[in-house]
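A quick write-up on the structure given underneath.
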Amino acid sequence: PAEAQAGDIILNTPILSASEEGIISAGSLGGGKKGGDIDVNVTTLDLRDSSRIESSTRGEGRGGVITVSASDAVTLSAAAKISTEGYESGKAGDILLEEGLKTLTLKQKASLSSSNSGVGDAGSITVNAEASMILESGSVTTEAAQGRGGNISVTAPVLSASQGGGISASVSGGVEDGGQIEIDVTILDFSSGSRIESSTGGEGEGGVITIRAS
């Protein structure tokens, strides 16, 4: 809604699967009200074929938070995505993948992303996986046009990327700093043009990248 508080979406199911551009979406169209949160509580989540879970804000209000609580695996493939977006001064929502998640796999251009094309900040992305996080041409990104870059935090025993997959936090312009990237792993394996990067095209400082490998 344009001026009212956007509604939240709560999904509780053992298996959630979407294909052929299926969508779960919560958004605020304007004003100062907060966008709706999306809570997904599952055993497994499988998004394919450009399907997406998304939260957006087009006004001054903060975008809604997307929280995925999966007790087994989350798999996104074939350009599927989980994303939060801001278009004006409101901060884009955060993305949280926690609560017992074992494996996160992003492949075939699938992504987790938080962006803001206005003057607002990008949201943060947090992933806690008990076994592994695999990026096979998949990506985790935060991007702000003029606002503060979003932080990215990944905790997993194994973090693997290939086929150009990567983790990126960027700011295109303005005076705000880029997002911080924190990686806590036992094994880090990047190949075939994969990358971890933080950048800024404005007057602010690029974000710090911290990797802790035990």
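The chains in the structure tokens are called A, B, ... from first to last as shown; in each chain the residues are counted from 1, and the ligands are counted from 1 in the order shown.
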List as a short mmCIF file (atom, residue, chain, number, x, y, z; two decimals) with C-alpha atoms, in the first residue's frame the protein and nucleic acid residues near Asp8 (chain A), meaning an atom at most 7 Å away when only C-alpha atoms are counted, but skip any in the same chain fewer than 5 places from it.
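Wrote it out as selection13.cif, contents follow:
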data_model
loop_
_atom_site.label_atom_id
_atom_site.label_comp_id
_atom_site.auth_asym_id
_atom_site.auth_seq_id
_atom_site.Cartn_x
_atom_site.Cartn_y
_atom_site.Cartn_z
CA GLY A 36 6.34 -5.99 4.92
CA ASP A 37 8.61 -8.69 6.33
CA ILE A 38 8.78 -12.18 4.82
#
#### Entry: Shell of 9 Å around region 176-183 of chain A, only C-alpha atoms, local chain residues under 3 positions omitted, as JSON, numbers by chain
{"A": [121, 122, 124, 142, 143, 144, 146, 147, 148, 149, 150, 151, 152, 153, 154, 155, 156, 159, 167, 168, 169, 170, 171, 172, 173, 196, 197, 198, 199, 200, 202, 203, 204, 205, 206, 207, 208, 209, 210, 211, 212, 213]}
### Query
Which residues, written as a ChimeraX atom specification, have at least one atom at most 9 Å from Ser191 (chain A), with only C-alpha atoms counted and residues fewer than 2 positions away on the same chain left out?
/A:160-165,189,193-195
Could you dump the residues just selected with N, CA, C and O atoms as a PDB file, in the first residue's frame?
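Saved file out.pdb follows:
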ATOM      1  N   SER A 160      32.688 -22.433  -1.036  1.00  0.00           N
ATOM      2  CA  SER A 160      33.262 -22.776  -2.330  1.00  0.00           C
ATOM      3  C   SER A 160      32.595 -21.950  -3.421  1.00  0.00           C
ATOM      4  O   SER A 160      31.372 -21.776  -3.425  1.00  0.00           O
ATOM      5  N   ALA A 161      33.403 -21.431  -4.365  1.00  0.00           N
ATOM      6  CA  ALA A 161      32.876 -20.671  -5.492  1.00  0.00           C
ATOM      7  C   ALA A 161      33.603 -21.063  -6.764  1.00  0.00           C
ATOM      8  O   ALA A 161      34.820 -21.251  -6.767  1.00  0.00           O
ATOM      9  N   SER A 162      32.854 -21.154  -7.866  1.00  0.00           N
ATOM     10  CA  SER A 162      33.437 -21.509  -9.157  1.00  0.00           C
ATOM     11  C   SER A 162      32.602 -20.864 -10.264  1.00  0.00           C
ATOM     12  O   SER A 162      31.547 -20.287 -10.013  1.00  0.00           O
ATOM     13  N   GLN A 163      33.109 -20.925 -11.486  1.00  0.00           N
ATOM     14  CA  GLN A 163      32.399 -20.427 -12.660  1.00  0.00           C
ATOM     15  C   GLN A 163      32.010 -18.953 -12.520  1.00  0.00           C
ATOM     16  O   GLN A 163      30.926 -18.528 -12.915  1.00  0.00           O
ATOM     17  N   GLY A 164      32.907 -18.159 -11.926  1.00  0.00           N
ATOM     18  CA  GLY A 164      32.655 -16.732 -11.808  1.00  0.00           C
ATOM     19  C   GLY A 164      31.735 -16.334 -10.680  1.00  0.00           C
ATOM     20  O   GLY A 164      31.317 -15.173 -10.586  1.00  0.00           O
ATOM     21  N   GLY A 165      31.393 -17.252  -9.802  1.00  0.00           N
ATOM     22  CA  GLY A 165      30.570 -16.915  -8.645  1.00  0.00           C
ATOM     23  C   GLY A 165      31.319 -16.003  -7.695  1.00  0.00           C
ATOM     24  O   GLY A 165      32.546 -15.943  -7.717  1.00  0.00           O
ATOM     25  N   ASP A 189      37.494 -22.076  -0.888  1.00  0.00           N
ATOM     26  CA  ASP A 189      37.965 -22.585  -2.179  1.00  0.00           C
ATOM     27  C   ASP A 189      37.294 -21.796  -3.303  1.00  0.00           C
ATOM     28  O   ASP A 189      36.121 -22.003  -3.598  1.00  0.00           O
ATOM     29  N   GLY A 193      37.760 -17.614 -11.880  1.00  0.00           N
ATOM     30  CA  GLY A 193      37.314 -16.227 -11.927  1.00  0.00           C
ATOM     31  C   GLY A 193      36.372 -15.815 -10.818  1.00  0.00           C
ATOM     32  O   GLY A 193      35.781 -14.735 -10.867  1.00  0.00           O
ATOM     33  N   SER A 194      36.212 -16.644  -9.809  1.00  0.00           N
ATOM     34  CA  SER A 194      35.357 -16.287  -8.669  1.00  0.00           C
ATOM     35  C   SER A 194      36.058 -15.241  -7.810  1.00  0.00           C
ATOM     36  O   SER A 194      37.275 -15.096  -7.846  1.00  0.00           O
ATOM     37  N   ARG A 195      35.310 -14.503  -6.984  1.00  0.00           N
ATOM     38  CA  ARG A 195      35.903 -13.349  -6.311  1.00  0.00           C
ATOM     39  C   ARG A 195      35.144 -12.970  -5.049  1.00  0.00           C
ATOM     40  O   ARG A 195      33.962 -13.271  -4.892  1.00  0.00           O
TER      41      ARG A 195
END
Using only C-alpha atoms, find each residue in region 79-194 of chain A having at least one atom no more than 10 Å away from region 67-74 of chain A; report its shortest atom-to-atom pair and that distance in Å (one decimal), rows by chain then rising number, as CSV.
residue,atom,partner,partner_atom,distance
A:Ile82,CA,A:Val68,CA,9.7
A:Asp94,CA,A:Thr67,CA,8.3
A:Ile95,CA,A:Thr67,CA,6.0
A:Leu96,CA,A:Thr67,CA,4.7
A:Leu97,CA,A:Val68,CA,5.0
A:Glu98,CA,A:Ser69,CA,5.6
A:Glu99,CA,A:Ser69,CA,5.1
A:Gly100,CA,A:Ser71,CA,4.9
A:Leu101,CA,A:Ser71,CA,5.0
A:Lys102,CA,A:Asp72,CA,5.1
A:Thr103,CA,A:Ala73,CA,4.8
A:Leu104,CA,A:Val74,CA,4.9
A:Thr105,CA,A:Val74,CA,6.4
A:Leu106,CA,A:Val74,CA,8.5
A:Thr126,CA,A:Thr67,CA,9.7
A:Val127,CA,A:Val68,CA,9.7
A:Ala129,CA,A:Ala73,CA,9.2
A:Glu130,CA,A:Asp72,CA,9.4
A:Ala131,CA,A:Ala73,CA,9.8
A:Ser132,CA,A:Ala73,CA,9.7
A:Met133,CA,A:Val74,CA,9.6
Which region 81-137 of chain A residues have any atom within 7 Å of an atom of region 50-62 of chain A, and for each, what is the nearest pair of atoms with distance in Å to one decimal, counting only C-alpha atoms, rows sorted by chain and number, as a Markdown table?
| residue | atom | partner | partner_atom | distance |
| --- | --- | --- | --- | --- |
| A:Lys81 | CA | A:Arg52 | CA | 4.8 |
| A:Ile82 | CA | A:Ile53 | CA | 4.8 |
| A:Ser83 | CA | A:Glu54 | CA | 4.8 |
| A:Thr84 | CA | A:Ser55 | CA | 4.7 |
| A:Glu85 | CA | A:Ser56 | CA | 4.6 |
| A:Gly86 | CA | A:Thr57 | CA | 5.0 |
| A:Tyr87 | CA | A:Arg58 | CA | 5.0 |
| A:Glu88 | CA | A:Gly59 | CA | 5.6 |
| A:Ser89 | CA | A:Glu60 | CA | 5.0 |
| A:Gly90 | CA | A:Glu60 | CA | 4.1 |
| A:Lys91 | CA | A:Arg62 | CA | 4.8 |
| A:Ala92 | CA | A:Arg62 | CA | 6.2 |
| A:Gly93 | CA | A:Arg62 | CA | 6.5 |
### Query
DSSP on the backbone: what in region 119-175 of chain A comes out strand (DSSP E), as a ChimeraX atom specification?
/A:125-128,132-136,139-144,152-162,166-171
Produce a file of the selected residues containing N, CA, C and O atoms, as a tab-separated table (two decimals), in the first residue's frame.
chain	number	residue	atom	x	y	z
A	125	ILE	N	23.26	-8.71	4.35
A	125	ILE	CA	22.97	-10.12	4.08
A	125	ILE	C	23.78	-10.97	5.06
A	125	ILE	O	25.00	-10.80	5.17
A	126	THR	N	23.10	-11.86	5.76
A	126	THR	CA	23.75	-12.74	6.73
A	126	THR	C	23.42	-14.19	6.40
A	126	THR	O	22.25	-14.55	6.26
A	127	VAL	N	24.46	-15.01	6.27
A	127	VAL	CA	24.29	-16.44	6.01
A	127	VAL	C	25.06	-17.23	7.05
A	127	VAL	O	26.26	-17.04	7.22
A	128	ASN	N	24.36	-18.12	7.76
A	128	ASN	CA	24.99	-19.06	8.69
A	128	ASN	C	24.62	-20.46	8.25
A	128	ASN	O	23.46	-20.88	8.37
A	132	SER	N	27.91	-26.18	4.43
A	132	SER	CA	28.60	-25.56	3.30
A	132	SER	C	27.75	-24.50	2.63
A	132	SER	O	26.53	-24.50	2.71
A	133	MET	N	28.46	-23.60	1.94
A	133	MET	CA	27.85	-22.61	1.05
A	133	MET	C	28.57	-22.72	-0.28
A	133	MET	O	29.79	-22.59	-0.36
A	134	ILE	N	27.82	-22.99	-1.35
A	134	ILE	CA	28.39	-23.27	-2.66
A	134	ILE	C	27.86	-22.27	-3.68
A	134	ILE	O	26.63	-22.12	-3.82
A	135	LEU	N	28.77	-21.60	-4.37
A	135	LEU	CA	28.41	-20.63	-5.40
A	135	LEU	C	28.93	-21.14	-6.74
A	135	LEU	O	30.12	-21.03	-7.03
A	136	GLU	N	28.06	-21.69	-7.56
A	136	GLU	CA	28.43	-22.16	-8.90
A	136	GLU	C	27.83	-21.18	-9.91
A	136	GLU	O	26.70	-21.33	-10.34
A	139	SER	N	25.82	-15.67	-6.87
A	139	SER	CA	26.40	-14.49	-6.25
A	139	SER	C	25.63	-14.04	-5.02
A	139	SER	O	24.43	-14.28	-4.89
A	140	VAL	N	26.38	-13.35	-4.15
A	140	VAL	CA	25.81	-12.67	-2.98
A	140	VAL	C	26.28	-11.23	-3.09
A	140	VAL	O	27.49	-10.96	-3.04
A	141	THR	N	25.35	-10.28	-3.24
A	141	THR	CA	25.75	-8.90	-3.52
A	141	THR	C	24.90	-7.89	-2.75
A	141	THR	O	23.71	-8.10	-2.52
A	142	THR	N	25.56	-6.80	-2.35
A	142	THR	CA	24.85	-5.61	-1.89
A	142	THR	C	25.35	-4.45	-2.73
A	142	THR	O	26.53	-4.37	-3.07
A	143	GLU	N	24.44	-3.54	-3.09
A	143	GLU	CA	24.81	-2.42	-3.96
A	143	GLU	C	23.95	-1.21	-3.65
A	143	GLU	O	22.73	-1.31	-3.57
A	144	ALA	N	24.59	-0.06	-3.46
A	144	ALA	CA	23.89	1.20	-3.23
A	144	ALA	C	24.34	2.21	-4.28
A	144	ALA	O	25.52	2.27	-4.62
A	152	ILE	N	27.95	-7.79	4.39
A	152	ILE	CA	27.73	-9.21	4.09
A	152	ILE	C	28.51	-10.03	5.11
A	152	ILE	O	29.70	-9.81	5.33
A	153	SER	N	27.82	-10.98	5.74
A	153	SER	CA	28.45	-11.87	6.71
A	153	SER	C	28.15	-13.32	6.35
A	153	SER	O	26.98	-13.68	6.17
A	154	VAL	N	29.20	-14.12	6.20
A	154	VAL	CA	29.04	-15.54	5.86
A	154	VAL	C	29.80	-16.38	6.88
A	154	VAL	O	30.99	-16.17	7.11
A	155	THR	N	29.11	-17.32	7.49
A	155	THR	CA	29.73	-18.28	8.40
A	155	THR	C	29.37	-19.68	7.92
A	155	THR	O	28.19	-20.03	7.83
A	156	ALA	N	30.40	-20.48	7.59
A	156	ALA	CA	30.18	-21.84	7.11
A	156	ALA	C	31.49	-22.61	7.19
A	156	ALA	O	32.56	-22.02	6.96
A	157	PRO	N	31.46	-23.91	7.50
A	157	PRO	CA	32.71	-24.68	7.48
A	157	PRO	C	33.39	-24.65	6.12
A	157	PRO	O	34.61	-24.54	6.03
A	158	VAL	N	32.60	-24.75	5.04
A	158	VAL	CA	33.14	-24.76	3.69
A	158	VAL	C	32.44	-23.69	2.85
A	158	VAL	O	31.21	-23.66	2.77
A	159	LEU	N	33.24	-22.81	2.24
A	159	LEU	CA	32.73	-21.82	1.29
A	159	LEU	C	33.45	-22.04	-0.02
A	159	LEU	O	34.67	-21.89	-0.11
A	160	SER	N	32.69	-22.43	-1.04
A	160	SER	CA	33.26	-22.78	-2.33
A	160	SER	C	32.59	-21.95	-3.42
A	160	SER	O	31.37	-21.78	-3.42
A	161	ALA	N	33.40	-21.43	-4.37
A	161	ALA	CA	32.88	-20.67	-5.49
A	161	ALA	C	33.60	-21.06	-6.76
A	161	ALA	O	34.82	-21.25	-6.77
A	162	SER	N	32.85	-21.15	-7.87
A	162	SER	CA	33.44	-21.51	-9.16
A	162	SER	C	32.60	-20.86	-10.26
A	162	SER	O	31.55	-20.29	-10.01
A	166	GLY	N	30.59	-15.29	-6.84
A	166	GLY	CA	31.31	-14.40	-5.94
A	166	GLY	C	30.45	-13.68	-4.93
A	166	GLY	O	29.23	-13.83	-4.89
A	167	ILE	N	31.15	-12.89	-4.12
A	167	ILE	CA	30.55	-12.08	-3.06
A	167	ILE	C	31.03	-10.66	-3.26
A	167	ILE	O	32.23	-10.41	-3.38
A	168	SER	N	30.09	-9.70	-3.29
A	168	SER	CA	30.46	-8.34	-3.64
A	168	SER	C	29.60	-7.33	-2.88
A	168	SER	O	28.39	-7.51	-2.74
A	169	ALA	N	30.27	-6.27	-2.39
A	169	ALA	CA	29.59	-5.14	-1.75
A	169	ALA	C	30.08	-3.86	-2.42
A	169	ALA	O	31.28	-3.61	-2.47
A	170	SER	N	29.17	-3.04	-2.93
A	170	SER	CA	29.60	-1.88	-3.71
A	170	SER	C	28.70	-0.67	-3.48
A	170	SER	O	27.54	-0.79	-3.12
A	171	VAL	N	29.31	0.50	-3.72
A	171	VAL	CA	28.59	1.78	-3.75
A	171	VAL	C	28.98	2.48	-5.05
A	171	VAL	O	30.17	2.60	-5.35
### Query
Of the candidates A:Thr186, A:Ser117, A:Ser28, A:Asn41, which shows the shortest atom-to-atom distance to Gly63 (chain A), using only C-alpha atoms?
A:Ser28
